[in-house]
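This report refers to the structure that appears directly beneath it.
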Amino acid sequence: MIRTSPHAWRDALAAAVAGFAAMTAVAAAGLACAGAGDLPEGAFPRVVAAAVVLAAGGTVEVSGGAGLLGGAEADLSVMPLSVTLAGALTVGCLFLRPLRGRAVAGPRELLLRAARLALLWLALLTLFALLARQTFAVSPFGDLGDLGDLGDLGDLVDASPTVGFRAALPATLLLGLFWILGLLLITLLVSRRAPLPAGLVRFHTAVRPAAHATAVLLLACVGLGLVAGLVTAATQGHAARTLAVLLLGLPNLAWPALTLGFGGAWHGTAQGPFGLPVPQLLDRVLRGPDPSTVDVASLARQDPRAWWLVAVAVVMLLGTGVLAALRSPARVRARQHALRLGAALALATLTVCLLAGVRARFGLSVLGIGDASALGGTVELTAYLWRTTALALLAGAAAGCLGALATRHRTPGR
């Protein structure tokens, strides 16, 4: 018999509104720490809306111009994962709240609950996408050093450079739909006690212990990064900038750091006259005329303390293996633990690699003078996808096997 709550729409609305409220609060705090509160023309709410749209999986297009004889190019692809995580945790908890205390839920009920939430989520996402648009004037040509004579020319030909952004509504709604549905699926997978349809209950012990342990691992990485960031903010100065990074992109740093610890690698570059909102060690590795490979070895050449990433990853992975084994029935064999945790960590790593990458570029020229390196900048960081995912599979399998062996004499939970 299908149980349908008379307050289902209220529950869905509460989850959607709370999710956007959490993302808005975190994005606003992070952008305020970054100095966005001083933006002209009352642009701060629009910038916050753009950050929320990006965090919810949407697309924000950046454009530039420099008048009749000037040109500007801009490109932005980044997801502020601290904002994303705040919304995901809020929505996931509120989605499961009406279902607590039940062992089984009908597939139709779950689908209807997901559909209600997705519909309301897209409605709110539309409002944020419509708000997320603004155009700014950038630094005048008179501030370009050796190219300062271009200032008068810029005034003559109306070459005042501008850069603007706006959410791409169709793409945002499509990607936002995948985001919310994917989130609800993950929520059901990682929850230890959320009810499942009767036909899927048999997969509970095969999927959920490893999925739950992997989710705990990712949250533990964020927690560890938060502690390190707060210590840095308190002891090394630049507290506002550090807090901005924590509030906007902490998982963008913490999760790739985990992949580096078990042998993964990323590649990227940083060019331009600006500092990056990342640890100085990573900034030094990325700086240079050519793209750089970011792994523990390249970081350790700048600072030997980078090898601690390996030690931390090993300890955290072993803890993940133990937790997965303790949450599994006693009959599960070590090789099954290895396979399940390896698959879970590989899928999580694949997701991290796809979401945590960064690509930002702004270039400016007048009469063909100037390029992205002289009058703009480029930041790019992407994963070596298959290498990192394959190593995650091996690391998860090893952790699962060792976790099973370490707990073979203990009574595991269910």
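Naming works like this for the structure tokens: A, B, ... for the chains as they're shown, residue 1 at the start of each chain, ligands 1 onward in shown order.
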Check your understanding: Got a sec: who's within 8 Å of segment 26-33 of chain A, counting only C-alpha atoms, leaving out chain neighbours fewer than 4 positions off, as a list in words?
Key ->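 Result of the neighbour search: Ala22, Gly37, Val48, Ala51, Val52, Ser82, Val83, Ala86, Ala240, Arg241, Leu243, Ala244, Val245, Leu246, Leu247 and Leu248 of chain A.
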Given the selection you just returned, output its residues as a file containing all heavy atoms, formatted as a JSON list (two decimals), in the first residue's frame.
[["chain", "number", "residue", "atom", "x", "y", "z"],
["A", 22, "ALA", "N", 20.48, 28.02, 2.38],
["A", 22, "ALA", "CA", 21.81, 27.64, 2.85],
["A", 22, "ALA", "C", 22.87, 28.04, 1.83],
["A", 22, "ALA", "O", 23.93, 28.58, 2.20],
["A", 22, "ALA", "CB", 21.85, 26.14, 3.11],
["A", 37, "GLY", "N", 31.34, 42.77, -1.61],
["A", 37, "GLY", "CA", 30.37, 43.74, -1.09],
["A", 37, "GLY", "C", 30.63, 45.15, -1.54],
["A", 37, "GLY", "O", 29.73, 46.00, -1.46],
["A", 48, "VAL", "N", 26.05, 37.09, -5.95],
["A", 48, "VAL", "CA", 25.66, 35.98, -5.08],
["A", 48, "VAL", "C", 24.75, 35.02, -5.84],
["A", 48, "VAL", "O", 24.92, 33.79, -5.76],
["A", 48, "VAL", "CB", 24.95, 36.51, -3.82],
["A", 48, "VAL", "CG1", 24.36, 35.36, -3.01],
["A", 48, "VAL", "CG2", 25.92, 37.31, -2.96],
["A", 51, "ALA", "N", 26.81, 32.89, -8.10],
["A", 51, "ALA", "CA", 27.52, 31.85, -7.37],
["A", 51, "ALA", "C", 26.60, 30.69, -7.01],
["A", 51, "ALA", "O", 26.97, 29.52, -7.10],
["A", 51, "ALA", "CB", 28.16, 32.44, -6.10],
["A", 52, "VAL", "N", 25.36, 31.00, -6.62],
["A", 52, "VAL", "CA", 24.39, 29.95, -6.29],
["A", 52, "VAL", "C", 24.03, 29.15, -7.54],
["A", 52, "VAL", "O", 23.91, 27.92, -7.49],
["A", 52, "VAL", "CB", 23.14, 30.57, -5.64],
["A", 52, "VAL", "CG1", 22.04, 29.52, -5.49],
["A", 52, "VAL", "CG2", 23.48, 31.17, -4.29],
["A", 82, "SER", "N", 31.94, 24.55, -1.80],
["A", 82, "SER", "CA", 31.46, 24.79, -0.43],
["A", 82, "SER", "C", 29.99, 25.17, -0.44],
["A", 82, "SER", "O", 29.20, 24.72, 0.41],
["A", 82, "SER", "CB", 32.28, 25.92, 0.22],
["A", 82, "SER", "OG", 33.60, 25.53, 0.45],
["A", 83, "VAL", "N", 29.61, 26.00, -1.39],
["A", 83, "VAL", "CA", 28.21, 26.39, -1.54],
["A", 83, "VAL", "C", 27.37, 25.19, -1.95],
["A", 83, "VAL", "O", 26.28, 24.96, -1.42],
["A", 83, "VAL", "CB", 28.08, 27.53, -2.57],
["A", 83, "VAL", "CG1", 26.64, 28.00, -2.69],
["A", 83, "VAL", "CG2", 28.99, 28.70, -2.19],
["A", 86, "ALA", "N", 26.84, 22.85, 1.07],
["A", 86, "ALA", "CA", 25.85, 23.37, 2.02],
["A", 86, "ALA", "C", 24.43, 23.08, 1.55],
["A", 86, "ALA", "O", 23.58, 22.63, 2.32],
["A", 86, "ALA", "CB", 26.06, 24.87, 2.23],
["A", 240, "ALA", "N", 40.59, 37.36, 5.90],
["A", 240, "ALA", "CA", 39.39, 37.51, 5.06],
["A", 240, "ALA", "C", 39.52, 36.68, 3.79],
["A", 240, "ALA", "O", 38.56, 36.00, 3.38],
["A", 240, "ALA", "CB", 39.17, 38.98, 4.72],
["A", 241, "ARG", "N", 40.69, 36.71, 3.16],
["A", 241, "ARG", "CA", 40.88, 35.94, 1.93],
["A", 241, "ARG", "C", 40.79, 34.45, 2.21],
["A", 241, "ARG", "O", 40.19, 33.69, 1.42],
["A", 241, "ARG", "CB", 42.22, 36.29, 1.30],
["A", 241, "ARG", "CG", 42.46, 35.62, -0.05],
["A", 241, "ARG", "CD", 43.73, 36.12, -0.69],
["A", 241, "ARG", "NE", 44.91, 35.71, 0.06],
["A", 241, "ARG", "CZ", 46.16, 36.05, -0.28],
["A", 241, "ARG", "NH1", 46.37, 36.82, -1.34],
["A", 241, "ARG", "NH2", 47.18, 35.64, 0.44],
["A", 243, "LEU", "N", 39.15, 32.96, 4.66],
["A", 243, "LEU", "CA", 37.75, 32.63, 4.93],
["A", 243, "LEU", "C", 36.94, 32.59, 3.65],
["A", 243, "LEU", "O", 36.02, 31.77, 3.51],
["A", 243, "LEU", "CB", 37.16, 33.63, 5.92],
["A", 243, "LEU", "CG", 37.68, 33.56, 7.35],
["A", 243, "LEU", "CD1", 37.10, 34.68, 8.19],
["A", 243, "LEU", "CD2", 37.38, 32.21, 7.98],
["A", 244, "ALA", "N", 37.25, 33.47, 2.70],
["A", 244, "ALA", "CA", 36.54, 33.45, 1.42],
["A", 244, "ALA", "C", 36.76, 32.13, 0.70],
["A", 244, "ALA", "O", 35.83, 31.54, 0.14],
["A", 244, "ALA", "CB", 37.02, 34.62, 0.54],
["A", 245, "VAL", "N", 38.00, 31.64, 0.73],
["A", 245, "VAL", "CA", 38.29, 30.35, 0.10],
["A", 245, "VAL", "C", 37.54, 29.23, 0.80],
["A", 245, "VAL", "O", 36.97, 28.33, 0.16],
["A", 245, "VAL", "CB", 39.81, 30.08, 0.10],
["A", 245, "VAL", "CG1", 40.11, 28.68, -0.40],
["A", 245, "VAL", "CG2", 40.53, 31.11, -0.76],
["A", 246, "LEU", "N", 37.53, 29.25, 2.14],
["A", 246, "LEU", "CA", 36.84, 28.20, 2.89],
["A", 246, "LEU", "C", 35.35, 28.20, 2.58],
["A", 246, "LEU", "O", 34.73, 27.13, 2.43],
["A", 246, "LEU", "CB", 37.06, 28.40, 4.38],
["A", 246, "LEU", "CG", 38.50, 28.28, 4.90],
["A", 246, "LEU", "CD1", 38.53, 28.52, 6.41],
["A", 246, "LEU", "CD2", 39.07, 26.92, 4.57],
["A", 247, "LEU", "N", 34.75, 29.37, 2.49],
["A", 247, "LEU", "CA", 33.30, 29.47, 2.31],
["A", 247, "LEU", "C", 32.87, 29.24, 0.88],
["A", 247, "LEU", "O", 31.70, 28.93, 0.63],
["A", 247, "LEU", "CB", 32.83, 30.85, 2.77],
["A", 247, "LEU", "CG", 32.85, 31.07, 4.29],
["A", 247, "LEU", "CD1", 32.70, 32.55, 4.61],
["A", 247, "LEU", "CD2", 31.75, 30.27, 4.96],
["A", 248, "LEU", "N", 33.78, 29.38, -0.06],
["A", 248, "LEU", "CA", 33.41, 29.21, -1.47],
["A", 248, "LEU", "C", 33.96, 27.93, -2.08],
["A", 248, "LEU", "O", 33.25, 27.26, -2.84],
["A", 248, "LEU", "CB", 33.89, 30.42, -2.29],
["A", 248, "LEU", "CG", 33.23, 31.75, -1.97],
["A", 248, "LEU", "CD1", 33.90, 32.87, -2.76],
["A", 248, "LEU", "CD2", 31.73, 31.72, -2.29]]
Exercise for review: May I have the residues within 12 Å of Gln302 of chain A as a PyMOL selection string, using only C-alpha atoms and disregarding those fewer than 5 positions away in the same chain?
Suggested key: chain A and resi 280-286+294-297+307
Exercise for review: Just list the residues in segment 25-253 of chain A DSSP gives helix (DSSP H, G or I) on the backbone, as a PyMOL selection string.
Suggested key: chain A and resi 25-33+36-38+44-55+81-99+107-131+141-143+145-147+150-156+169-190+198-235+239-253
Segment 25-274 of chain A: residues DSSP assigns to strand (DSSP E or B), reported as an mmCIF file with all heavy atoms, in the first residue's frame:
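Just written: selection_16.cif:
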data_model
loop_
_atom_site.group_PDB
_atom_site.id
_atom_site.type_symbol
_atom_site.label_atom_id
_atom_site.label_comp_id
_atom_site.auth_asym_id
_atom_site.auth_seq_id
_atom_site.Cartn_x
_atom_site.Cartn_y
_atom_site.Cartn_z
ATOM 1 N N VAL A 60 27.007 29.879 -16.093
ATOM 2 C CA VAL A 60 27.083 31.332 -16.143
ATOM 3 C C VAL A 60 28.053 31.710 -17.255
ATOM 4 O O VAL A 60 29.219 31.303 -17.235
ATOM 5 C CB VAL A 60 27.540 31.926 -14.796
ATOM 6 C CG1 VAL A 60 27.753 33.432 -14.919
ATOM 7 C CG2 VAL A 60 26.508 31.632 -13.716
ATOM 8 N N GLU A 61 27.562 32.456 -18.222
ATOM 9 C CA GLU A 61 28.386 32.866 -19.350
ATOM 10 C C GLU A 61 29.021 34.215 -19.047
ATOM 11 O O GLU A 61 28.352 35.137 -18.577
ATOM 12 C CB GLU A 61 27.539 32.963 -20.615
ATOM 13 C CG GLU A 61 26.932 31.629 -21.035
ATOM 14 C CD GLU A 61 25.995 31.772 -22.216
ATOM 15 O OE1 GLU A 61 25.572 32.919 -22.500
ATOM 16 O OE2 GLU A 61 25.676 30.747 -22.847
ATOM 17 N N VAL A 62 30.313 34.314 -19.302
ATOM 18 C CA VAL A 62 31.054 35.558 -19.099
ATOM 19 C C VAL A 62 31.366 36.148 -20.459
ATOM 20 O O VAL A 62 31.785 35.446 -21.380
ATOM 21 C CB VAL A 62 32.351 35.309 -18.316
ATOM 22 C CG1 VAL A 62 33.098 36.614 -18.073
ATOM 23 C CG2 VAL A 62 32.046 34.628 -16.994
ATOM 24 N N SER A 63 31.137 37.441 -20.600
ATOM 25 C CA SER A 63 31.395 38.117 -21.866
ATOM 26 C C SER A 63 32.163 39.394 -21.602
ATOM 27 O O SER A 63 32.149 39.935 -20.500
ATOM 28 C CB SER A 63 30.076 38.433 -22.592
ATOM 29 O OG SER A 63 29.269 39.273 -21.783
ATOM 30 N N GLY A 64 32.851 39.881 -22.616
ATOM 31 C CA GLY A 64 33.616 41.106 -22.482
ATOM 32 C C GLY A 64 33.597 41.887 -23.767
ATOM 33 O O GLY A 64 33.287 41.365 -24.844
ATOM 34 N N GLY A 65 33.939 43.155 -23.684
ATOM 35 C CA GLY A 65 34.004 44.010 -24.858
ATOM 36 C C GLY A 65 34.867 45.211 -24.568
ATOM 37 O O GLY A 65 35.094 45.582 -23.425
ATOM 38 N N GLY A 70 38.321 47.490 -29.981
ATOM 39 C CA GLY A 70 38.900 46.627 -28.956
ATOM 40 C C GLY A 70 38.166 45.310 -28.886
ATOM 41 O O GLY A 70 37.053 45.158 -29.394
ATOM 42 N N GLY A 71 38.819 44.356 -28.289
ATOM 43 C CA GLY A 71 38.203 43.055 -28.122
ATOM 44 C C GLY A 71 38.501 42.493 -26.756
ATOM 45 O O GLY A 71 39.530 42.800 -26.150
ATOM 46 N N ALA A 72 37.614 41.698 -26.258
ATOM 47 C CA ALA A 72 37.823 41.048 -24.970
ATOM 48 C C ALA A 72 37.263 39.643 -25.039
ATOM 49 O O ALA A 72 36.240 39.402 -25.684
ATOM 50 C CB ALA A 72 37.141 41.834 -23.853
ATOM 51 N N GLU A 73 37.971 38.722 -24.406
ATOM 52 C CA GLU A 73 37.535 37.337 -24.360
ATOM 53 C C GLU A 73 37.478 36.896 -22.910
ATOM 54 O O GLU A 73 38.374 37.207 -22.120
ATOM 55 C CB GLU A 73 38.505 36.441 -25.138
ATOM 56 C CG GLU A 73 38.579 36.746 -26.626
ATOM 57 C CD GLU A 73 39.543 35.817 -27.347
ATOM 58 O OE1 GLU A 73 40.244 35.056 -26.640
ATOM 59 O OE2 GLU A 73 39.597 35.858 -28.575
ATOM 60 N N ALA A 74 36.440 36.173 -22.572
ATOM 61 C CA ALA A 74 36.293 35.713 -21.190
ATOM 62 C C ALA A 74 35.636 34.346 -21.189
ATOM 63 O O ALA A 74 34.797 34.040 -22.036
ATOM 64 C CB ALA A 74 35.461 36.715 -20.377
ATOM 65 N N ASP A 75 36.049 33.530 -20.229
ATOM 66 C CA ASP A 75 35.497 32.187 -20.111
ATOM 67 C C ASP A 75 35.594 31.779 -18.648
ATOM 68 O O ASP A 75 36.590 32.059 -17.977
ATOM 69 C CB ASP A 75 36.279 31.213 -20.997
ATOM 70 C CG ASP A 75 35.688 29.815 -20.964
ATOM 71 O OD1 ASP A 75 34.464 29.699 -20.770
ATOM 72 O OD2 ASP A 75 36.438 28.843 -21.131
ATOM 73 N N LEU A 76 34.554 31.157 -18.133
ATOM 74 C CA LEU A 76 34.533 30.765 -16.726
ATOM 75 C C LEU A 76 33.824 29.431 -16.585
ATOM 76 O O LEU A 76 32.708 29.261 -17.055
ATOM 77 C CB LEU A 76 33.827 31.827 -15.879
ATOM 78 C CG LEU A 76 33.647 31.500 -14.392
ATOM 79 C CD1 LEU A 76 35.010 31.447 -13.692
ATOM 80 C CD2 LEU A 76 32.744 32.527 -13.726
ATOM 81 N N SER A 77 34.497 28.496 -15.934
ATOM 82 C CA SER A 77 33.889 27.209 -15.627
ATOM 83 C C SER A 77 34.408 26.759 -14.268
ATOM 84 O O SER A 77 35.551 26.309 -14.138
ATOM 85 C CB SER A 77 34.241 26.167 -16.698
ATOM 86 O OG SER A 77 33.713 24.903 -16.357
ATOM 87 N N VAL A 104 10.537 0.463 4.524
ATOM 88 C CA VAL A 104 10.264 0.307 3.086
ATOM 89 C C VAL A 104 9.438 1.500 2.627
ATOM 90 O O VAL A 104 8.562 1.991 3.354
ATOM 91 C CB VAL A 104 9.500 -1.009 2.796
ATOM 92 C CG1 VAL A 104 9.162 -1.114 1.314
ATOM 93 C CG2 VAL A 104 10.334 -2.207 3.235
ATOM 94 N N ARG A 133 22.832 38.356 -13.527
ATOM 95 C CA ARG A 133 23.334 39.030 -14.729
ATOM 96 C C ARG A 133 23.797 40.430 -14.362
ATOM 97 O O ARG A 133 23.149 41.139 -13.598
ATOM 98 C CB ARG A 133 22.270 39.084 -15.823
ATOM 99 C CG ARG A 133 20.944 39.749 -15.421
ATOM 100 C CD ARG A 133 19.942 39.646 -16.550
ATOM 101 N NE ARG A 133 19.572 38.254 -16.784
ATOM 102 C CZ ARG A 133 18.974 37.825 -17.887
ATOM 103 N NH1 ARG A 133 18.690 38.670 -18.863
ATOM 104 N NH2 ARG A 133 18.661 36.556 -18.021
ATOM 105 N N GLN A 134 24.956 40.817 -14.880
ATOM 106 C CA GLN A 134 25.540 42.108 -14.544
ATOM 107 C C GLN A 134 26.682 42.399 -15.512
ATOM 108 O O GLN A 134 27.314 41.489 -16.042
ATOM 109 C CB GLN A 134 26.073 42.107 -13.108
ATOM 110 C CG GLN A 134 26.637 43.420 -12.620
ATOM 111 C CD GLN A 134 25.556 44.453 -12.342
ATOM 112 O OE1 GLN A 134 24.472 44.100 -11.892
ATOM 113 N NE2 GLN A 134 25.848 45.719 -12.604
ATOM 114 N N THR A 135 26.953 43.690 -15.738
ATOM 115 C CA THR A 135 28.090 44.121 -16.544
ATOM 116 C C THR A 135 28.906 45.117 -15.742
ATOM 117 O O THR A 135 28.359 46.016 -15.103
ATOM 118 C CB THR A 135 27.626 44.779 -17.862
ATOM 119 O OG1 THR A 135 26.864 43.823 -18.616
ATOM 120 C CG2 THR A 135 28.820 45.232 -18.689
ATOM 121 N N PHE A 136 30.229 44.944 -15.771
ATOM 122 C CA PHE A 136 31.133 45.826 -15.038
ATOM 123 C C PHE A 136 32.117 46.472 -16.000
ATOM 124 O O PHE A 136 32.502 45.864 -17.015
ATOM 125 C CB PHE A 136 31.960 45.046 -14.007
ATOM 126 C CG PHE A 136 31.146 44.323 -12.979
ATOM 127 C CD1 PHE A 136 30.873 42.972 -13.122
ATOM 128 C CD2 PHE A 136 30.664 44.986 -11.862
ATOM 129 C CE1 PHE A 136 30.137 42.287 -12.173
ATOM 130 C CE2 PHE A 136 29.928 44.307 -10.901
ATOM 131 C CZ PHE A 136 29.661 42.966 -11.056
ATOM 132 N N ALA A 137 32.557 47.672 -15.675
ATOM 133 C CA ALA A 137 33.702 48.273 -16.336
ATOM 134 C C ALA A 137 34.961 47.808 -15.617
ATOM 135 O O ALA A 137 35.002 47.763 -14.398
ATOM 136 C CB ALA A 137 33.605 49.802 -16.288
ATOM 137 N N THR A 162 34.852 46.240 -20.789
ATOM 138 C CA THR A 162 33.822 45.777 -19.865
ATOM 139 C C THR A 162 33.837 44.266 -19.800
ATOM 140 O O THR A 162 34.301 43.588 -20.733
ATOM 141 C CB THR A 162 32.411 46.236 -20.292
ATOM 142 O OG1 THR A 162 32.112 45.677 -21.576
ATOM 143 C CG2 THR A 162 32.327 47.756 -20.359
ATOM 144 N N VAL A 163 33.349 43.747 -18.715
ATOM 145 C CA VAL A 163 33.152 42.312 -18.579
ATOM 146 C C VAL A 163 31.822 42.110 -17.861
ATOM 147 O O VAL A 163 31.486 42.856 -16.945
ATOM 148 C CB VAL A 163 34.322 41.644 -17.821
ATOM 149 C CG1 VAL A 163 34.436 42.188 -16.408
ATOM 150 C CG2 VAL A 163 34.163 40.133 -17.791
ATOM 151 N N GLY A 164 31.083 41.150 -18.299
ATOM 152 C CA GLY A 164 29.781 40.889 -17.699
ATOM 153 C C GLY A 164 29.495 39.409 -17.612
ATOM 154 O O GLY A 164 30.232 38.573 -18.148
ATOM 155 N N PHE A 165 28.443 39.068 -16.919
ATOM 156 C CA PHE A 165 28.052 37.669 -16.798
ATOM 157 C C PHE A 165 26.542 37.585 -16.821
ATOM 158 O O PHE A 165 25.835 38.538 -16.486
ATOM 159 C CB PHE A 165 28.588 37.056 -15.498
ATOM 160 C CG PHE A 165 28.042 37.678 -14.249
ATOM 161 C CD1 PHE A 165 26.846 37.239 -13.695
ATOM 162 C CD2 PHE A 165 28.712 38.710 -13.612
ATOM 163 C CE1 PHE A 165 26.324 37.823 -12.540
ATOM 164 C CE2 PHE A 165 28.216 39.293 -12.457
ATOM 165 C CZ PHE A 165 27.019 38.848 -11.923
ATOM 166 N N ARG A 166 26.068 36.462 -17.219
ATOM 167 C CA ARG A 166 24.634 36.168 -17.167
ATOM 168 C C ARG A 166 24.455 34.665 -17.199
ATOM 169 O O ARG A 166 25.201 33.927 -17.844
ATOM 170 C CB ARG A 166 23.880 36.820 -18.324
ATOM 171 C CG ARG A 166 24.277 36.351 -19.702
ATOM 172 C CD ARG A 166 23.497 37.094 -20.773
ATOM 173 N NE ARG A 166 22.073 36.846 -20.649
ATOM 174 C CZ ARG A 166 21.137 37.596 -21.240
ATOM 175 N NH1 ARG A 166 21.505 38.656 -21.953
ATOM 176 N NH2 ARG A 166 19.873 37.298 -21.103
ATOM 177 N N ALA A 167 23.453 34.187 -16.474
ATOM 178 C CA ALA A 167 23.167 32.754 -16.448
ATOM 179 C C ALA A 167 22.503 32.339 -17.746
ATOM 180 O O ALA A 167 21.627 33.030 -18.266
ATOM 181 C CB ALA A 167 22.265 32.419 -15.262
ATOM 182 N N LEU A 196 13.814 1.986 1.307
ATOM 183 C CA LEU A 196 13.948 1.669 -0.120
ATOM 184 C C LEU A 196 12.715 0.904 -0.581
ATOM 185 O O LEU A 196 11.990 0.317 0.228
ATOM 186 C CB LEU A 196 15.189 0.807 -0.354
ATOM 187 C CG LEU A 196 16.559 1.460 -0.154
ATOM 188 C CD1 LEU A 196 17.654 0.401 -0.249
ATOM 189 C CD2 LEU A 196 16.776 2.565 -1.173
ATOM 190 N N TRP A 266 46.791 16.051 -11.267
ATOM 191 C CA TRP A 266 46.049 17.081 -11.960
ATOM 192 C C TRP A 266 47.017 17.873 -12.828
ATOM 193 O O TRP A 266 48.236 17.790 -12.644
ATOM 194 C CB TRP A 266 45.355 18.016 -10.954
ATOM 195 C CG TRP A 266 44.314 17.323 -10.117
ATOM 196 C CD1 TRP A 266 44.524 16.291 -9.250
ATOM 197 C CD2 TRP A 266 42.908 17.582 -10.086
ATOM 198 N NE1 TRP A 266 43.340 15.884 -8.671
ATOM 199 C CE2 TRP A 266 42.330 16.673 -9.157
ATOM 200 C CE3 TRP A 266 42.091 18.504 -10.729
ATOM 201 C CZ2 TRP A 266 40.976 16.656 -8.876
ATOM 202 C CZ3 TRP A 266 40.736 18.501 -10.440
ATOM 203 C CH2 TRP A 266 40.185 17.580 -9.535
ATOM 204 N N HIS A 267 46.487 18.596 -13.776
ATOM 205 C CA HIS A 267 47.364 19.442 -14.591
ATOM 206 C C HIS A 267 46.681 20.781 -14.794
ATOM 207 O O HIS A 267 45.451 20.879 -14.809
ATOM 208 C CB HIS A 267 47.696 18.798 -15.944
ATOM 209 C CG HIS A 267 46.498 18.530 -16.802
ATOM 210 N ND1 HIS A 267 46.070 19.376 -17.789
ATOM 211 C CD2 HIS A 267 45.629 17.490 -16.824
ATOM 212 C CE1 HIS A 267 45.003 18.875 -18.374
ATOM 213 N NE2 HIS A 267 44.709 17.730 -17.807
ATOM 214 N N GLY A 268 47.498 21.812 -14.921
ATOM 215 C CA GLY A 268 46.923 23.134 -15.074
ATOM 216 C C GLY A 268 47.981 24.192 -15.244
ATOM 217 O O GLY A 268 49.180 23.920 -15.330
ATOM 218 N N THR A 269 47.529 25.425 -15.283
ATOM 219 C CA THR A 269 48.419 26.560 -15.459
ATOM 220 C C THR A 269 47.800 27.779 -14.805
ATOM 221 O O THR A 269 46.578 27.824 -14.598
ATOM 222 C CB THR A 269 48.670 26.827 -16.961
ATOM 223 O OG1 THR A 269 49.626 27.874 -17.101
ATOM 224 C CG2 THR A 269 47.375 27.236 -17.661
ATOM 225 N N ALA A 270 48.632 28.724 -14.474
ATOM 226 C CA ALA A 270 48.177 30.001 -13.930
ATOM 227 C C ALA A 270 49.046 31.095 -14.527
ATOM 228 O O ALA A 270 50.263 31.086 -14.356
ATOM 229 C CB ALA A 270 48.270 30.004 -12.410
ATOM 230 N N GLN A 271 48.432 32.003 -15.238
ATOM 231 C CA GLN A 271 49.140 33.109 -15.861
ATOM 232 C C GLN A 271 48.362 34.387 -15.606
ATOM 233 O O GLN A 271 47.140 34.375 -15.567
ATOM 234 C CB GLN A 271 49.301 32.882 -17.366
ATOM 235 C CG GLN A 271 50.037 31.614 -17.732
ATOM 236 C CD GLN A 271 50.032 31.343 -19.229
ATOM 237 O OE1 GLN A 271 49.568 32.161 -20.004
ATOM 238 N NE2 GLN A 271 50.545 30.193 -19.618
#
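Rounded to one decimal, atom CA of Trp308 of chain A and atom CA of Leu89 of chain A lie 29.1 Å from each other.
Going from atom CA of Leu169 of chain A to atom CA of Thr59 of chain A covers 7.8 Å.
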Check your understanding: Residues at most 9 Å from segment 345-362 of chain A, counting only C-alpha atoms, excluding those fewer than 5 positions away in the same chain, as an NGL selection string?
Key -> :A and (64 or 72-81 or 163 or 210-211 or 214-215 or 218 or 249 or 251-253 or 255-256 or 259 or 266 or 268 or 340 or 372 or 375-386 or 388-397)
Practice item. Determine, counting only C-alpha atoms, which protein, DNA and RNA residues have an atom within 9 Å of an atom of Arg208 of chain A; residues of the same chain fewer than 2 positions away are not included. Present the result as a list in words. Key: Leu188, Leu189, Val190, Ser191, Arg192, Phe203, His204, Thr205, Ala206, Ala210, Ala211, His212, Ala213, Ala324, Arg327 and Ser328 of chain A
**Study point:** Neighbour list for Arg331 of chain A as a PyMOL selection string, cut-off 10 Å, only C-alpha atoms, skip fewer than 2 positions in-chain
**Key:** chain A and resi 328-329+333-334+408+412
Could you please take those selected residues and save N, CA, C and O atoms as an mmCIF file, in the first residue's frame?
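Ended up saving to out-v2.cif:
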data_model
loop_
_atom_site.group_PDB
_atom_site.id
_atom_site.type_symbol
_atom_site.label_atom_id
_atom_site.label_comp_id
_atom_site.auth_asym_id
_atom_site.auth_seq_id
_atom_site.Cartn_x
_atom_site.Cartn_y
_atom_site.Cartn_z
ATOM 1 N N SER A 328 28.801 -3.485 7.634
ATOM 2 C CA SER A 328 28.371 -4.593 6.776
ATOM 3 C C SER A 328 28.090 -5.836 7.606
ATOM 4 O O SER A 328 28.630 -5.999 8.709
ATOM 5 N N PRO A 329 27.257 -6.734 7.092
ATOM 6 C CA PRO A 329 27.004 -7.996 7.805
ATOM 7 C C PRO A 329 28.271 -8.837 7.904
ATOM 8 O O PRO A 329 29.190 -8.713 7.095
ATOM 9 N N ARG A 333 32.555 -11.161 2.647
ATOM 10 C CA ARG A 333 33.952 -11.565 2.597
ATOM 11 C C ARG A 333 34.853 -10.374 2.261
ATOM 12 O O ARG A 333 34.404 -9.355 1.758
ATOM 13 N N ALA A 334 36.152 -10.562 2.533
ATOM 14 C CA ALA A 334 37.118 -9.473 2.338
ATOM 15 C C ALA A 334 37.144 -9.028 0.880
ATOM 16 O O ALA A 334 37.233 -7.824 0.584
ATOM 17 N N ARG A 408 37.619 -8.544 11.375
ATOM 18 C CA ARG A 408 37.038 -9.883 11.186
ATOM 19 C C ARG A 408 36.661 -10.551 12.512
ATOM 20 O O ARG A 408 35.841 -11.463 12.539
ATOM 21 N N PRO A 412 30.047 -6.798 13.355
ATOM 22 C CA PRO A 412 29.762 -5.622 12.571
ATOM 23 C C PRO A 412 28.318 -5.181 12.717
ATOM 24 O O PRO A 412 27.433 -5.977 13.013
#
